[in-house]
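J.: coords_8.pdb is the file, holding PDB, C-alpha atoms:
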MODEL        1
ATOM      1  CA  MET V  21     -54.592 130.840 -42.667
ATOM      2  CA  GLY V  22     -51.067 129.516 -43.283
ATOM      3  CA  ALA V  23     -50.031 126.151 -41.899
ATOM      4  CA  ILE V  24     -47.431 127.749 -39.617
ATOM      5  CA  SER V  25     -50.169 129.729 -37.845
ATOM      6  CA  TYR V  26     -51.650 126.473 -36.536
ATOM      7  CA  LEU V  27     -48.397 126.067 -34.582
ATOM      8  CA  THR V  28     -47.923 129.647 -33.413
ATOM      9  CA  LYS V  29     -51.446 130.968 -32.767
ATOM     10  CA  PRO V  30     -52.261 128.691 -29.775
ATOM     11  CA  ILE V  31     -49.102 129.718 -27.912
ATOM     12  CA  LEU V  32     -50.306 133.198 -26.967
ATOM     13  CA  GLU V  33     -53.088 134.522 -29.206
ATOM     14  CA  ASN V  34     -55.407 131.542 -28.688
ATOM     15  CA  ASN V  35     -53.760 129.730 -25.787
ATOM     16  CA  PRO V  36     -55.864 126.726 -24.704
ATOM     17  CA  ILE V  37     -55.539 127.610 -21.011
ATOM     18  CA  SER V  38     -55.503 131.409 -20.819
ATOM     19  CA  VAL V  39     -57.811 132.169 -23.772
ATOM     20  CA  GLN V  40     -59.911 129.040 -24.328
ATOM     21  CA  ILE V  41     -59.944 128.362 -20.536
ATOM     22  CA  LEU V  42     -59.369 124.615 -20.986
ATOM     23  CA  GLY V  43     -57.213 122.159 -19.053
ATOM     24  CA  LEU V  44     -57.177 124.219 -15.859
ATOM     25  CA  CYS V  45     -57.024 121.261 -13.437
ATOM     26  CA  SER V  46     -53.499 120.213 -14.341
ATOM     27  CA  ALA V  47     -52.351 123.828 -14.649
ATOM     28  CA  LEU V  48     -53.360 124.390 -11.019
ATOM     29  CA  ALA V  49     -52.424 121.017  -9.568
ATOM     30  CA  ILE V  50     -49.095 119.849 -11.003
ATOM     31  CA  THR V  51     -47.150 123.101 -11.355
ATOM     32  CA  GLN V  52     -45.614 123.204  -7.880
ATOM     33  CA  SER V  53     -42.269 122.289  -9.442
ATOM     34  CA  LEU V  54     -40.876 122.311 -12.957
ATOM     35  CA  PHE V  55     -40.051 118.657 -13.658
ATOM     36  CA  PRO V  56     -43.595 117.254 -13.207
ATOM     37  CA  ALA V  57     -44.891 120.136 -15.361
ATOM     38  CA  LEU V  58     -42.432 119.182 -18.116
ATOM     39  CA  ILE V  59     -43.565 115.554 -17.979
ATOM     40  CA  MET V  60     -47.246 116.527 -18.043
ATOM     41  CA  ALA V  61     -46.656 118.967 -20.912
ATOM     42  CA  THR V  62     -44.944 116.250 -22.939
ATOM     43  CA  ALA V  63     -47.668 113.728 -22.112
ATOM     44  CA  VAL V  64     -50.519 116.043 -23.124
ATOM     45  CA  THR V  65     -48.764 117.029 -26.363
ATOM     46  CA  CYS V  66     -48.176 113.378 -27.296
ATOM     47  CA  VAL V  67     -51.775 112.397 -26.525
ATOM     48  CA  LEU V  68     -53.071 115.429 -28.424
ATOM     49  CA  SER V  69     -50.983 114.604 -31.484
ATOM     50  CA  PHE V  70     -51.901 110.920 -31.515
ATOM     51  CA  SER V  71     -55.619 111.437 -30.941
ATOM     52  CA  ASN V  72     -55.925 114.284 -33.461
ATOM     53  CA  VAL V  73     -54.191 112.309 -36.209
ATOM     54  CA  VAL V  74     -56.169 109.108 -35.574
ATOM     55  CA  ILE V  75     -59.526 110.858 -35.258
ATOM     56  CA  SER V  76     -58.840 112.925 -38.360
ATOM     57  CA  SER V  77     -57.958 109.800 -40.348
ATOM     58  CA  LEU V  78     -61.216 108.148 -39.207
ATOM     59  CA  ARG V  79     -63.436 111.232 -39.363
ATOM     60  CA  HIS V  80     -65.471 109.934 -42.304
ATOM     61  CA  LEU V  81     -65.960 106.533 -40.664
ATOM     62  CA  LEU V  82     -67.022 107.526 -37.151
ATOM     63  CA  PRO V  83     -70.797 107.020 -36.672
ATOM     64  CA  SER V  84     -72.295 110.170 -35.183
ATOM     65  CA  SER V  85     -74.296 108.164 -32.634
ATOM     66  CA  ILE V  86     -71.175 106.769 -30.918
ATOM     67  CA  ARG V  87     -68.617 109.362 -32.031
ATOM     68  CA  LEU V  88     -67.795 110.652 -28.557
ATOM     69  CA  ILE V  89     -67.418 107.126 -27.152
ATOM     70  CA  LEU V  90     -64.965 106.226 -29.906
ATOM     71  CA  GLU V  91     -63.035 109.467 -29.428
ATOM     72  CA  MET V  92     -62.744 108.831 -25.697
ATOM     73  CA  THR V  93     -61.552 105.284 -26.392
ATOM     74  CA  ILE V  94     -58.839 106.544 -28.736
ATOM     75  CA  ILE V  95     -57.724 109.200 -26.252
ATOM     76  CA  ALA V  96     -57.818 106.746 -23.322
ATOM     77  CA  SER V  97     -55.670 104.265 -25.265
ATOM     78  CA  ALA V  98     -53.033 106.945 -25.856
ATOM     79  CA  VAL V  99     -53.146 107.990 -22.194
ATOM     80  CA  ILE V 100     -52.645 104.411 -20.985
ATOM     81  CA  VAL V 101     -49.546 104.029 -23.168
ATOM     82  CA  VAL V 102     -48.129 107.389 -22.026
ATOM     83  CA  ASP V 103     -48.866 106.583 -18.373
ATOM     84  CA  GLU V 104     -47.033 103.258 -18.602
ATOM     85  CA  ILE V 105     -44.028 104.935 -20.243
ATOM     86  CA  ILE V 106     -43.889 107.531 -17.447
ATOM     87  CA  LYS V 107     -44.049 104.755 -14.828
ATOM     88  CA  ILE V 108     -41.069 103.046 -16.461
ATOM     89  CA  VAL V 109     -38.967 106.138 -17.228
ATOM     90  CA  ALA V 110     -39.793 108.318 -14.195
ATOM     91  CA  PRO V 111     -41.575 106.299 -11.482
ATOM     92  CA  GLU V 112     -41.165 109.039  -8.842
ATOM     93  CA  ILE V 113     -42.756 111.629 -11.115
ATOM     94  CA  SER V 114     -45.496 109.129 -11.936
ATOM     95  CA  GLN V 115     -46.406 109.064  -8.236
ATOM     96  CA  ILE V 116     -46.449 112.877  -8.104
ATOM     97  CA  LEU V 117     -48.679 113.145 -11.171
ATOM     98  CA  SER V 118     -50.762 110.178  -9.979
ATOM     99  CA  VAL V 119     -54.376 110.673 -11.042
ATOM    100  CA  PHE V 120     -53.686 113.712 -13.215
ATOM    101  CA  VAL V 121     -52.220 111.651 -16.054
ATOM    102  CA  GLY V 122     -55.428 109.614 -16.156
ATOM    103  CA  LEU V 123     -57.425 112.831 -16.233
ATOM    104  CA  ILE V 124     -55.874 113.649 -19.613
ATOM    105  CA  VAL V 125     -58.656 111.414 -20.952
ATOM    106  CA  THR V 126     -61.187 114.051 -19.905
ATOM    107  CA  ASN V 127     -58.878 117.022 -20.462
ATOM    108  CA  CYS V 128     -60.958 119.574 -22.346
ATOM    109  CA  VAL V 129     -57.960 120.582 -24.471
ATOM    110  CA  VAL V 130     -57.633 117.077 -25.930
ATOM    111  CA  LEU V 131     -61.340 116.405 -26.433
ATOM    112  CA  GLY V 132     -61.957 119.974 -27.584
ATOM    113  CA  ARG V 133     -59.376 119.781 -30.359
ATOM    114  CA  ALA V 134     -60.639 116.362 -31.419
ATOM    115  CA  GLU V 135     -64.237 117.591 -31.636
ATOM    116  CA  GLY V 136     -63.557 121.103 -32.827
ATOM    117  CA  PHE V 137     -60.751 120.516 -35.289
ATOM    118  CA  ALA V 138     -59.715 116.941 -36.095
ATOM    119  CA  LEU V 139     -63.233 115.937 -37.134
ATOM    120  CA  ILE V 140     -63.315 118.528 -39.916
ATOM    121  CA  HIS V 141     -59.679 118.793 -41.053
ATOM    122  CA  ASN V 142     -57.109 116.528 -42.691
ATOM    123  CA  MET V 143     -54.357 114.727 -40.805
ATOM    124  CA  LYS V 144     -51.615 117.250 -41.599
ATOM    125  CA  LEU V 145     -53.535 120.231 -40.267
ATOM    126  CA  SER V 146     -54.821 118.187 -37.331
ATOM    127  CA  LEU V 147     -51.251 117.273 -36.371
ATOM    128  CA  LEU V 148     -50.124 120.900 -36.631
ATOM    129  CA  ASP V 149     -53.102 122.004 -34.554
ATOM    130  CA  ALA V 150     -52.332 119.367 -31.924
ATOM    131  CA  ILE V 151     -48.672 120.349 -31.684
ATOM    132  CA  GLY V 152     -49.591 124.042 -31.568
ATOM    133  CA  ASN V 153     -52.107 123.571 -28.768
ATOM    134  CA  GLY V 154     -49.691 121.241 -27.000
ATOM    135  CA  LEU V 155     -47.028 123.955 -27.155
ATOM    136  CA  GLY V 156     -49.513 126.551 -25.909
ATOM    137  CA  TYR V 157     -50.553 124.319 -23.015
ATOM    138  CA  SER V 158     -46.919 123.451 -22.279
ATOM    139  CA  PHE V 159     -45.771 127.077 -22.377
ATOM    140  CA  LEU V 160     -48.237 128.171 -19.738
ATOM    141  CA  ILE V 161     -47.921 125.310 -17.258
ATOM    142  CA  ILE V 162     -44.116 125.428 -17.549
ATOM    143  CA  LEU V 163     -44.164 129.196 -16.952
ATOM    144  CA  ILE V 164     -46.373 128.755 -13.879
ATOM    145  CA  ALA V 165     -44.149 125.921 -12.604
ATOM    146  CA  ILE V 166     -40.984 128.016 -13.021
ATOM    147  CA  ILE V 167     -42.487 130.904 -11.059
ATOM    148  CA  ARG V 168     -43.818 128.649  -8.293
ATOM    149  CA  GLU V 169     -40.651 126.610  -7.831
ATOM    150  CA  LEU V 170     -38.253 129.542  -8.201
ATOM    151  CA  PHE V 171     -40.018 131.916  -5.834
ATOM    152  CA  GLY V 172     -41.382 129.179  -3.590
ATOM    153  CA  ARG V 173     -38.194 127.202  -2.963
ATOM    154  CA  GLY V 174     -35.480 129.079  -4.806
ATOM    155  CA  THR V 175     -34.755 126.109  -7.073
ATOM    156  CA  LEU V 176     -35.324 124.971 -10.653
ATOM    157  CA  LEU V 177     -35.373 121.264 -11.470
ATOM    158  CA  GLY V 178     -34.150 120.723  -7.935
ATOM    159  CA  LYS V 179     -31.010 122.857  -8.411
ATOM    160  CA  VAL V 180     -30.489 125.801  -6.060
ATOM    161  CA  ILE V 181     -30.847 129.159  -7.832
ATOM    162  CA  PHE V 182     -31.427 131.416  -4.827
ATOM    163  CA  THR V 183     -29.440 130.450  -1.717
ATOM    164  CA  PRO V 184     -31.868 130.246   1.245
ATOM    165  CA  SER V 185     -31.295 132.308   4.387
ATOM    166  CA  SER V 186     -30.906 129.102   6.407
ATOM    167  CA  GLU V 187     -27.716 128.457   4.441
ATOM    168  CA  GLY V 188     -26.375 132.004   4.623
ATOM    169  CA  GLY V 189     -28.179 133.419   1.593
ATOM    170  CA  TRP V 190     -30.806 136.110   1.200
ATOM    171  CA  PHE V 191     -33.742 134.048  -0.053
ATOM    172  CA  LEU V 192     -36.771 133.316   2.118
ATOM    173  CA  GLU V 193     -39.014 130.464   0.949
ATOM    174  CA  ASN V 194     -42.535 131.540   0.034
ATOM    175  CA  GLN V 195     -44.913 128.899   1.383
ATOM    176  CA  PHE V 196     -47.822 130.394  -0.564
ATOM    177  CA  MET V 197     -46.221 129.163  -3.797
ATOM    178  CA  SER V 198     -46.664 125.583  -2.584
ATOM    179  CA  LEU V 199     -50.447 125.993  -2.532
ATOM    180  CA  PRO V 200     -52.619 125.361  -5.639
ATOM    181  CA  SER V 201     -54.182 128.792  -5.086
ATOM    182  CA  SER V 202     -50.870 130.415  -6.074
ATOM    183  CA  ALA V 203     -51.211 128.865  -9.538
ATOM    184  CA  PHE V 204     -54.717 130.319  -9.711
ATOM    185  CA  PHE V 205     -53.417 133.834  -9.027
ATOM    186  CA  ILE V 206     -50.489 133.520 -11.450
ATOM    187  CA  LEU V 207     -52.820 132.225 -14.138
ATOM    188  CA  GLY V 208     -55.264 135.052 -13.442
ATOM    189  CA  ILE V 209     -52.523 137.649 -13.876
ATOM    190  CA  PHE V 210     -51.427 136.033 -17.124
ATOM    191  CA  VAL V 211     -55.007 135.971 -18.463
ATOM    192  CA  TRP V 212     -55.389 139.646 -17.541
ATOM    193  CA  VAL V 213     -52.150 140.602 -19.333
ATOM    194  CA  VAL V 214     -53.017 138.625 -22.481
ATOM    195  CA  ASN V 215     -56.578 139.952 -22.632
ATOM    196  CA  SER V 216     -55.379 143.523 -22.039
ATOM    197  CA  GLN V 217     -52.937 143.197 -24.939
ATOM    198  CA  THR V 218     -55.699 141.801 -27.139
ATOM    199  CA  VAL V 219     -58.096 144.638 -26.266
ATOM    200  CA  ASN V 220     -55.400 147.265 -26.856
ATOM    201  CA  SER V 221     -54.472 145.666 -30.165
ATOM    202  CA  GLN V 222     -58.096 145.632 -31.321
ATOM    203  CA  ALA V 223     -58.592 149.243 -30.228
ATOM    204  CA  SER V 224     -55.466 150.314 -32.127
ATOM    205  CA  LYS V 225     -56.668 148.479 -35.231
ATOM    206  CA  ARG V 226     -60.077 150.168 -35.087
ATOM    207  CA  THR V 227     -58.425 153.578 -34.689
ATOM    208  CA  SER V 228     -56.144 152.853 -37.623
ATOM    209  CA  ASP V 229     -59.079 151.746 -39.771
ATOM    210  CA  ARG V 230     -61.000 154.922 -38.976
ATOM    211  CA  ASN V 231     -57.985 157.081 -39.862
ATOM    212  CA  VAL V 232     -57.679 155.327 -43.207
TER     213      VAL V 232
ENDMDL
END
Can you present the structure in this file as structure tokens?
T.:
Amino acid sequence: MGAISYLTKPILENNPISVQILGLCSALAITQSLFPALIMATAVTCVLSFSNVVISSLRHLLPSSIRLILEMTIIASAVIVVDEIIKIVAPEISQILSVFVGLIVTNCVVLGRAEGFALIHNMKLSLLDAIGNGLGYSFLIILIAIIRELFGRGTLLGKVIFTPSSEGGWFLENQFMSLPSSAFFILGIFVWVVNSQTVNSQASKRTSDRNV
């Protein structure tokens, strides 16, 4: 598998949320509007990259008996730094994200890539894998956030896109999009579409192989 595939495959083909079903909490909880989703996407990608590189560099030194504890310590250290940066740069967003930044420590995407990839690959591939999975995670939560904010309030990043009826426009705010359950339904539709494409692709390949 080429190095570039480590960046591209997790975006759609092996997306950590829609295919691996990891990191669902933040996908459902912080996607009510786009800006917090952008901050969370950046934070998770940074933590993923840092933890994968460090764990990969130490993979031959980590005692198996306390491996998970050390991995969690490395991830938690990165999360603390990222959380403090968010508090300084965007204090209002920090309040919105609140506990969810801390939950990156137990985010299955981060720990899963550390355990499943960084422990058995070199630093270069581990960094590419981290960035790829970070992009896959970011793509999906940003997509969900765009849909929820746009069709829920008619805005993107706080700027009016659809003029509401209260101001003489045609748009009616959809209160359902403000509920976490809306993210669940959007995510479910996306998983269905991706899995349907995968099944169709595999069926077409089998048919092609039989014809050959």
J.: Find the nearest atom pair between each residue of segment 128-216 of chain V and segment 83-107 of chain V for residues within 12 Å, count only C-alpha atoms, give distances in Å to one decimal, sort rows by chain and ascending number, and present the table as JSON lines.
T.:
{"residue": "V:Cys128", "atom": "CA", "partner": "V:Met92", "partner_atom": "CA", "distance": 11.4}
{"residue": "V:Val129", "atom": "CA", "partner": "V:Ile95", "partner_atom": "CA", "distance": 11.5}
{"residue": "V:Val130", "atom": "CA", "partner": "V:Ile95", "partner_atom": "CA", "distance": 7.9}
{"residue": "V:Leu131", "atom": "CA", "partner": "V:Met92", "partner_atom": "CA", "distance": 7.7}
{"residue": "V:Gly132", "atom": "CA", "partner": "V:Glu91", "partner_atom": "CA", "distance": 10.7}
{"residue": "V:Arg133", "atom": "CA", "partner": "V:Glu91", "partner_atom": "CA", "distance": 11.0}
{"residue": "V:Ala134", "atom": "CA", "partner": "V:Glu91", "partner_atom": "CA", "distance": 7.6}
{"residue": "V:Glu135", "atom": "CA", "partner": "V:Leu88", "partner_atom": "CA", "distance": 8.4}
{"residue": "V:Ala138", "atom": "CA", "partner": "V:Glu91", "partner_atom": "CA", "distance": 10.6}
{"residue": "V:Leu139", "atom": "CA", "partner": "V:Arg87", "partner_atom": "CA", "distance": 9.9}
J.: One number please: atom CA of Gln115 of chain V to atom CA of Asn127 of chain V, in Å, one decimal.
T.: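 Between these atoms lies a distance of 19.2 Å.
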J.: What's around Ile206 of chain V at 10 Å? Count only C-alpha atoms, leave out sequence neighbours fewer than 3 positions away in its own chain, and write the answer as a ChimeraX atom specification.
T.: /V:48,163-165,167-168,197,201-203,209-212
J.: Just to confirm, what's the straight-line distance from atom CA of Leu54 of chain V to atom CA of Ile31 of chain V in Å (one decimal)?
T.: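 Atom-to-atom, atom CA of Leu54 of chain V and atom CA of Ile31 of chain V are spaced 18.6 Å apart.
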J.: Which polymer residues, whether protein, DNA or RNA, lie within 10 Å of the coordinate (-57.3, 108.4, -37.0) when you count only C-alpha atoms? List them as a PyMOL selection string, using the chain letters and numbers from the file.
T.: chain V and resi 70-82+91+94+138-139+142-143
J.: At what distance in Å, to one decimal, does atom CA of Glu169 of chain V lie from atom CA of Met60 of chain V?
T.: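 A separation of 15.8 Å between them.
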